[in-house]
Structures are given as C-alpha cells and as structure tokens.
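For reference, work-v5.cif is printed below; it contains mmCIF, C-alpha atoms.
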data_input
#
loop_
_atom_site.group_PDB
_atom_site.id
_atom_site.type_symbol
_atom_site.label_atom_id
_atom_site.label_comp_id
_atom_site.auth_asym_id
_atom_site.auth_seq_id
_atom_site.Cartn_x
_atom_site.Cartn_y
_atom_site.Cartn_z
ATOM 1 C CA MET A 6 31.417 1.205 10.971
ATOM 2 C CA ASN A 7 31.433 -1.860 13.246
ATOM 3 C CA LEU A 8 30.431 0.378 16.135
ATOM 4 C CA ILE A 9 27.390 1.581 14.188
ATOM 5 C CA VAL A 10 26.427 -1.976 13.242
ATOM 6 C CA ARG A 11 26.718 -3.168 16.848
ATOM 7 C CA ALA A 12 24.658 -0.195 18.084
ATOM 8 C CA LEU A 13 21.927 -0.911 15.534
ATOM 9 C CA ILE A 14 21.829 -4.559 16.557
ATOM 10 C CA ARG A 15 21.493 -3.578 20.229
ATOM 11 C CA LEU A 16 18.657 -1.215 19.291
ATOM 12 C CA GLY A 17 16.744 -4.135 17.759
ATOM 13 C CA ILE A 18 17.211 -3.613 14.025
ATOM 14 C CA LEU A 19 17.441 -7.395 13.574
ATOM 15 C CA LYS A 20 14.279 -8.094 15.535
ATOM 16 C CA LYS A 21 12.212 -10.678 13.709
ATOM 17 C CA ASP A 22 9.533 -9.093 11.497
ATOM 18 C CA LEU A 23 10.495 -5.516 12.407
ATOM 19 C CA ASP A 24 10.271 -4.445 8.746
ATOM 20 C CA TYR A 25 6.935 -6.187 8.257
ATOM 21 C CA HIS A 26 5.371 -4.557 11.322
ATOM 22 C CA LEU A 27 6.790 -1.098 10.577
ATOM 23 C CA LEU A 28 5.563 -1.192 6.979
ATOM 24 C CA ARG A 29 2.103 -2.387 8.034
ATOM 25 C CA ALA A 30 1.850 0.330 10.706
ATOM 26 C CA SER A 31 3.032 2.961 8.213
ATOM 27 C CA MET A 32 0.377 1.959 5.695
ATOM 28 C CA VAL A 33 -2.353 2.039 8.353
ATOM 29 C CA ILE A 34 -1.278 5.557 9.363
ATOM 30 C CA ILE A 35 -1.077 6.719 5.730
ATOM 31 C CA PHE A 36 -4.552 5.416 4.938
ATOM 32 C CA PHE A 37 -5.957 7.037 8.087
ATOM 33 C CA PHE A 38 -4.596 10.487 7.203
ATOM 34 C CA PHE A 39 -5.261 10.249 3.454
ATOM 35 C CA GLY A 40 -8.813 9.085 4.158
ATOM 36 C CA TYR A 41 -9.372 11.855 6.697
ATOM 37 C CA GLN A 42 -8.501 14.675 4.333
ATOM 38 C CA LYS A 43 -11.029 13.390 1.771
ATOM 39 C CA TRP A 44 -13.850 14.790 3.925
ATOM 40 C CA PHE A 45 -12.897 18.417 3.250
ATOM 41 C CA GLN A 46 -13.624 20.727 0.322
ATOM 42 C CA TYR A 47 -9.980 21.726 -0.167
ATOM 43 C CA GLU A 48 -9.111 18.092 -0.923
ATOM 44 C CA ALA A 49 -12.056 17.635 -3.276
ATOM 45 C CA GLN A 50 -10.773 20.607 -5.286
ATOM 46 C CA ALA A 51 -7.155 19.445 -5.167
ATOM 47 C CA LEU A 52 -8.110 16.032 -6.560
ATOM 48 C CA LEU A 53 -9.936 17.377 -9.629
ATOM 49 C CA PRO A 54 -7.011 16.977 -12.059
ATOM 50 C CA TYR A 55 -6.009 13.599 -10.608
ATOM 51 C CA ILE A 56 -9.378 11.847 -10.646
ATOM 52 C CA GLY A 57 -10.444 13.560 -13.855
ATOM 53 C CA HIS A 58 -7.414 12.190 -15.742
ATOM 54 C CA GLY A 59 -7.076 8.822 -14.054
ATOM 55 C CA PRO A 60 -7.755 5.995 -16.504
ATOM 56 C CA LEU A 61 -9.106 3.862 -13.642
ATOM 57 C CA LEU A 62 -10.786 6.680 -11.696
ATOM 58 C CA PHE A 63 -12.344 9.046 -14.278
ATOM 59 C CA TRP A 64 -15.775 7.406 -13.953
ATOM 60 C CA MET A 65 -16.140 8.550 -10.350
ATOM 61 C CA TYR A 66 -17.170 12.139 -11.124
ATOM 62 C CA PRO A 67 -20.080 11.229 -13.406
ATOM 63 C CA VAL A 68 -21.265 8.579 -10.945
ATOM 64 C CA PHE A 69 -20.738 10.301 -7.570
ATOM 65 C CA GLY A 70 -20.030 13.966 -8.303
ATOM 66 C CA VAL A 71 -16.967 15.814 -7.023
ATOM 67 C CA ARG A 72 -17.684 15.532 -3.292
ATOM 68 C CA GLY A 73 -19.150 12.043 -3.574
ATOM 69 C CA ALA A 74 -16.028 10.810 -5.353
ATOM 70 C CA THR A 75 -13.765 12.106 -2.604
ATOM 71 C CA TYR A 76 -16.052 10.637 0.070
ATOM 72 C CA PHE A 77 -15.915 7.308 -1.795
ATOM 73 C CA LEU A 78 -12.111 7.449 -1.848
ATOM 74 C CA GLY A 79 -11.991 8.396 1.830
ATOM 75 C CA VAL A 80 -14.194 5.486 2.844
ATOM 76 C CA GLY A 81 -12.115 3.156 0.677
ATOM 77 C CA GLU A 82 -8.871 4.372 2.225
ATOM 78 C CA TRP A 83 -10.241 3.941 5.746
ATOM 79 C CA LEU A 84 -11.508 0.471 4.842
ATOM 80 C CA PHE A 85 -8.127 -0.599 3.423
ATOM 81 C CA GLY A 86 -6.359 0.851 6.461
ATOM 82 C CA ALA A 87 -8.708 -0.942 8.854
ATOM 83 C CA LEU A 88 -8.214 -4.237 7.004
ATOM 84 C CA LEU A 89 -4.442 -3.778 7.067
ATOM 85 C CA PHE A 90 -4.651 -3.056 10.798
ATOM 86 C CA ALA A 91 -6.782 -6.159 11.338
ATOM 87 C CA GLY A 92 -4.102 -8.066 9.430
ATOM 88 C CA TYR A 93 -1.941 -7.986 12.549
ATOM 89 C CA TRP A 94 -4.283 -10.641 13.965
ATOM 90 C CA ASN A 95 -6.098 -12.050 10.941
ATOM 91 C CA LYS A 96 -3.992 -12.614 7.831
ATOM 92 C CA LYS A 97 -7.047 -13.118 5.609
ATOM 93 C CA LEU A 98 -8.251 -9.625 6.449
ATOM 94 C CA GLY A 99 -4.685 -8.409 5.907
ATOM 95 C CA ILE A 100 -4.768 -9.962 2.428
ATOM 96 C CA LEU A 101 -7.981 -8.076 1.628
ATOM 97 C CA GLY A 102 -6.456 -4.824 2.892
ATOM 98 C CA ALA A 103 -3.263 -5.363 0.901
ATOM 99 C CA LEU A 104 -5.252 -6.177 -2.262
ATOM 100 C CA GLY A 105 -7.258 -2.969 -1.814
ATOM 101 C CA SER A 106 -4.044 -1.074 -1.180
ATOM 102 C CA CYS A 107 -2.479 -2.517 -4.335
ATOM 103 C CA PHE A 108 -5.492 -1.495 -6.393
ATOM 104 C CA SER A 109 -5.481 1.969 -4.840
ATOM 105 C CA PHE A 110 -1.864 2.610 -5.801
ATOM 106 C CA VAL A 111 -2.165 1.034 -9.241
ATOM 107 C CA ALA A 112 -5.062 3.432 -9.832
ATOM 108 C CA THR A 113 -3.026 6.457 -8.751
ATOM 109 C CA THR A 114 0.221 5.549 -10.521
ATOM 110 C CA THR A 115 -1.633 5.086 -13.805
ATOM 111 C CA ILE A 116 -2.606 8.766 -13.641
ATOM 112 C CA MET A 117 1.007 9.901 -14.200
ATOM 113 C CA PRO A 118 1.184 9.496 -18.002
ATOM 114 C CA PHE A 119 -2.230 11.129 -18.453
ATOM 115 C CA MET A 120 -1.701 14.196 -16.276
ATOM 116 C CA PRO A 121 -1.880 17.325 -18.459
ATOM 117 C CA ASP A 122 1.346 19.312 -18.256
ATOM 118 C CA GLY A 123 2.881 16.512 -16.180
ATOM 119 C CA GLY A 124 6.258 16.969 -17.822
ATOM 120 C CA ALA A 125 8.036 20.237 -17.058
ATOM 121 C CA ALA A 126 8.268 21.958 -20.455
ATOM 122 C CA SER A 127 10.936 24.361 -19.196
ATOM 123 C CA ALA A 128 13.182 21.344 -18.548
ATOM 124 C CA GLY A 129 12.430 19.566 -21.811
ATOM 125 C CA GLY A 130 9.353 17.647 -20.688
ATOM 126 C CA PHE A 131 9.470 14.047 -19.581
ATOM 127 C CA PRO A 132 11.269 12.775 -17.489
ATOM 128 C CA ALA A 133 11.347 16.187 -15.776
ATOM 129 C CA MET A 134 8.118 16.359 -13.772
ATOM 130 C CA THR A 135 5.823 19.044 -12.535
ATOM 131 C CA GLU A 136 4.689 18.905 -8.924
ATOM 132 C CA ARG A 137 1.491 17.020 -9.774
ATOM 133 C CA VAL A 138 3.334 14.049 -11.253
ATOM 134 C CA ALA A 139 6.097 14.263 -8.660
ATOM 135 C CA PHE A 140 3.405 14.028 -5.950
ATOM 136 C CA LEU A 141 2.256 10.719 -7.445
ATOM 137 C CA MET A 142 5.767 9.238 -7.502
ATOM 138 C CA LYS A 143 5.432 8.293 -3.824
ATOM 139 C CA ASP A 144 2.681 5.917 -4.865
ATOM 140 C CA LEU A 145 5.239 3.709 -6.621
ATOM 141 C CA ILE A 146 6.861 3.029 -3.254
ATOM 142 C CA LEU A 147 3.481 2.595 -1.568
ATOM 143 C CA LEU A 148 2.523 0.095 -4.286
ATOM 144 C CA ALA A 149 5.730 -1.855 -3.622
ATOM 145 C CA VAL A 150 4.975 -1.871 0.127
ATOM 146 C CA SER A 151 1.430 -3.061 -0.615
ATOM 147 C CA VAL A 152 2.748 -5.940 -2.731
ATOM 148 C CA TYR A 153 5.214 -6.843 0.033
ATOM 149 C CA LEU A 154 2.450 -6.921 2.653
ATOM 150 C CA LEU A 155 0.223 -8.936 0.324
ATOM 151 C CA ARG A 156 2.992 -11.466 -0.247
ATOM 152 C CA GLN A 157 3.789 -11.712 3.463
ATOM 153 C CA ASP A 158 0.153 -12.193 4.433
ATOM 154 C CA VAL A 159 -0.349 -14.893 1.792
ATOM 155 C CA ILE A 160 2.789 -16.667 3.011
ATOM 156 C CA ARG A 161 1.767 -16.364 6.662
ATOM 157 C CA SER A 162 -1.778 -17.482 5.915
ATOM 158 C CA SER A 163 -0.373 -20.502 4.069
ATOM 159 C CA LEU A 164 1.991 -21.286 6.944
ATOM 160 C CA PHE A 165 -0.915 -21.213 9.357
ATOM 161 C CA LYS A 166 -2.996 -23.519 7.170
ATOM 162 C CA THR A 167 -0.074 -25.885 6.746
ATOM 163 C CA ALA A 168 0.588 -25.952 10.478
ATOM 164 C CA VAL A 169 -3.075 -26.544 11.260
ATOM 165 C CA SER A 170 -3.541 -29.262 8.654
ATOM 166 C CA ASP A 171 -0.282 -30.922 9.788
ATOM 167 C CA SER A 172 0.725 -31.304 6.156
ATOM 168 C CA LYS A 173 4.124 -32.729 5.227
ATOM 169 C CA SER A 174 4.908 -29.853 2.854
ATOM 170 C CA THR A 175 5.670 -26.585 4.575
ATOM 171 C CA VAL A 176 5.341 -23.215 2.919
ATOM 172 C CA ARG A 177 8.382 -21.159 3.835
ATOM 173 C CA GLN A 178 8.881 -17.439 3.807
ATOM 174 C CA ASP A 179 12.598 -17.749 3.169
ATOM 175 C CA ALA A 180 12.394 -19.983 0.106
ATOM 176 C CA SER A 181 14.189 -18.723 -2.932
ATOM 177 C CA PRO A 182 12.395 -18.173 -6.262
ATOM 178 C CA THR A 183 14.255 -21.158 -7.712
ATOM 179 C CA GLU A 184 12.453 -23.373 -5.240
ATOM 180 C CA ALA A 185 9.022 -22.212 -6.349
ATOM 181 C CA VAL A 186 6.701 -25.114 -7.106
ATOM 182 C CA ALA A 187 3.206 -24.727 -8.523
ATOM 183 C CA GLY A 188 2.931 -21.083 -7.546
ATOM 184 C CA CYS A 189 3.919 -21.493 -3.894
ATOM 185 C CA TYR A 190 7.260 -21.595 -2.172
ATOM 186 C CA CYS A 191 7.790 -25.065 -0.786
ATOM 187 C CA ARG A 192 10.701 -27.088 0.585
#
Structure rendered as structure tokens:
Amino acid sequence: MNLIVRALIRLGILKKDLDYHLLRASMVIIFFFFGYQKWFQYEAQALLPYIGHGPLLFWMYPVFGVRGATYFLGVGEWLFGALLFAGYWNKKLGILGALGSCFSFVATTTIMPFMPDGGAASAGGFPAMTERVAFLMKDLILLAVSVYLLRQDVIRSSLFKTAVSDSKSTVRQDASPTEAVAGCYCR
C-alpha cells in the first residue's frame, strides 16, 4: 500500500487545488455537452417527462413550447458552463456560474419524487428506481460539486478582498466549522 501512496504522490495527487480544478473543469465539460444536446429534436422528446413533471420546470412548456424550453435549458447550461470556466480567472463570475449550477441541479433533483412510475413496481416501488429516476441520481453528485465550487469561490473571493484591503482578519479556507464567526470562516 505504501508503494501505491508514494506513486500517487509522485504523480501529483497532493498538488494544491487539484480537486478544485478537476471539479471545475468537469462541470464546464458537462455543461458544454448537456447544453449541446439541447439543440436536437431527440433531446426535446427525451425531456418531455422530466420537464413536464418538474415542480420548478413545469412552467417552461406553456411559456416556451417544447423546443423553446430545451433551447432555453441549453442556453442556460452553456451560460453556467461559461461562467464556471471564467471562474478560473474571476471568482465573482465563478460564483455566478456555481449559483446557476446549484439552481440547475436543485431543479432536476426535485423531479425525482414527481416522476410517474419512478419507482420500479416489480421490485416493490421506492427505493427501487426505474431508469428515469436513476438517470437523475447523478444530479445529486453534481449538486454537491456545485455547492463545493460555490463555497470555494466565495472563500477565494473573500481572501482576495481581504488581501487587497489589507485587513487584519483573514478569511481562511482551512478553518473548521467551530471557528465560524458571523457567517464567515475567520481566524
């Protein structure tokens, strides 16, 4: 096991911010591909049961129509991905992208309890899932990644402000929750 640990260290697994950069890049790629497929008819048809039963998305069909709703989602996904990408250089834009990403995945995860035939009846129903609900389960992880990126960008934006203002209190990324003061992590 020590050999594996040493090899991973040599490969750079402990590189500062590796997880942060990999997660951000992954989200940018996901939003690019998810947004791209929204421009095609097959995706508009595939999304009918999801958007139609989403408690936060159902309004899109009456307002935009089937194709318009998928175009709207595609533009939104590309916008969130672009903002997340810009977050490499501008944390405020990263915060906007992460907020949009959080909303996106809250909207999709809330569909799960409302999906007709979401529980596999042949297996006794919930928690056994059909493929439609199982497809949405990935969004729980993507929501967690979005919250992580949001938190990191808020911390990094605060660090930058603190460094620029030359304040005596420093916001730290590594502060524990027990050191939280007035909604920010300070030491």
- In terms of the shortest atom-to-atom distance over only C-alpha atoms, which of A:Leu89, A:Ala51, A:Ala133, A:Ala74 is closest to Asp158 of chain A? A:Leu89
Can you tell me, as an mmCIF file with C-alpha atoms, in the coordinates of the input, what residues are no more than 10 Å from Gly92 of chain A when counting all atoms listed in the file, ignoring any on the same chain fewer than 3 positions away?
data_model
loop_
_atom_site.group_PDB
_atom_site.id
_atom_site.type_symbol
_atom_site.label_atom_id
_atom_site.label_comp_id
_atom_site.auth_asym_id
_atom_site.auth_seq_id
_atom_site.Cartn_x
_atom_site.Cartn_y
_atom_site.Cartn_z
ATOM 1 C CA ARG A 29 2.103 -2.387 8.034
ATOM 2 C CA GLY A 86 -6.359 0.851 6.461
ATOM 3 C CA ALA A 87 -8.708 -0.942 8.854
ATOM 4 C CA LEU A 88 -8.214 -4.237 7.004
ATOM 5 C CA LEU A 89 -4.442 -3.778 7.067
ATOM 6 C CA ASN A 95 -6.098 -12.050 10.941
ATOM 7 C CA LYS A 96 -3.992 -12.614 7.831
ATOM 8 C CA LYS A 97 -7.047 -13.118 5.609
ATOM 9 C CA LEU A 98 -8.251 -9.625 6.449
ATOM 10 C CA GLY A 99 -4.685 -8.409 5.907
ATOM 11 C CA ILE A 100 -4.768 -9.962 2.428
ATOM 12 C CA LEU A 101 -7.981 -8.076 1.628
ATOM 13 C CA GLY A 102 -6.456 -4.824 2.892
ATOM 14 C CA ALA A 103 -3.263 -5.363 0.901
ATOM 15 C CA LEU A 154 2.450 -6.921 2.653
ATOM 16 C CA ASP A 158 0.153 -12.193 4.433
#
- Let me know the residues the PyMOL selection byres ((chain A and resi 113-130) around 12) catches in the file above, as an MDAnalysis selection string. chainID A and resid 52:63 78 106:112 131:149
- Message: Could you tell me how far atom CA of Arg156 of chain A sits from atom CA of Tyr25 of chain A, in Å to one decimal place?
- Response: 10.8 Å
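Taking atom CA of Leu84 of chain A and atom CA of Phe36 of chain A as the two end points, the separation is 8.5 Å.
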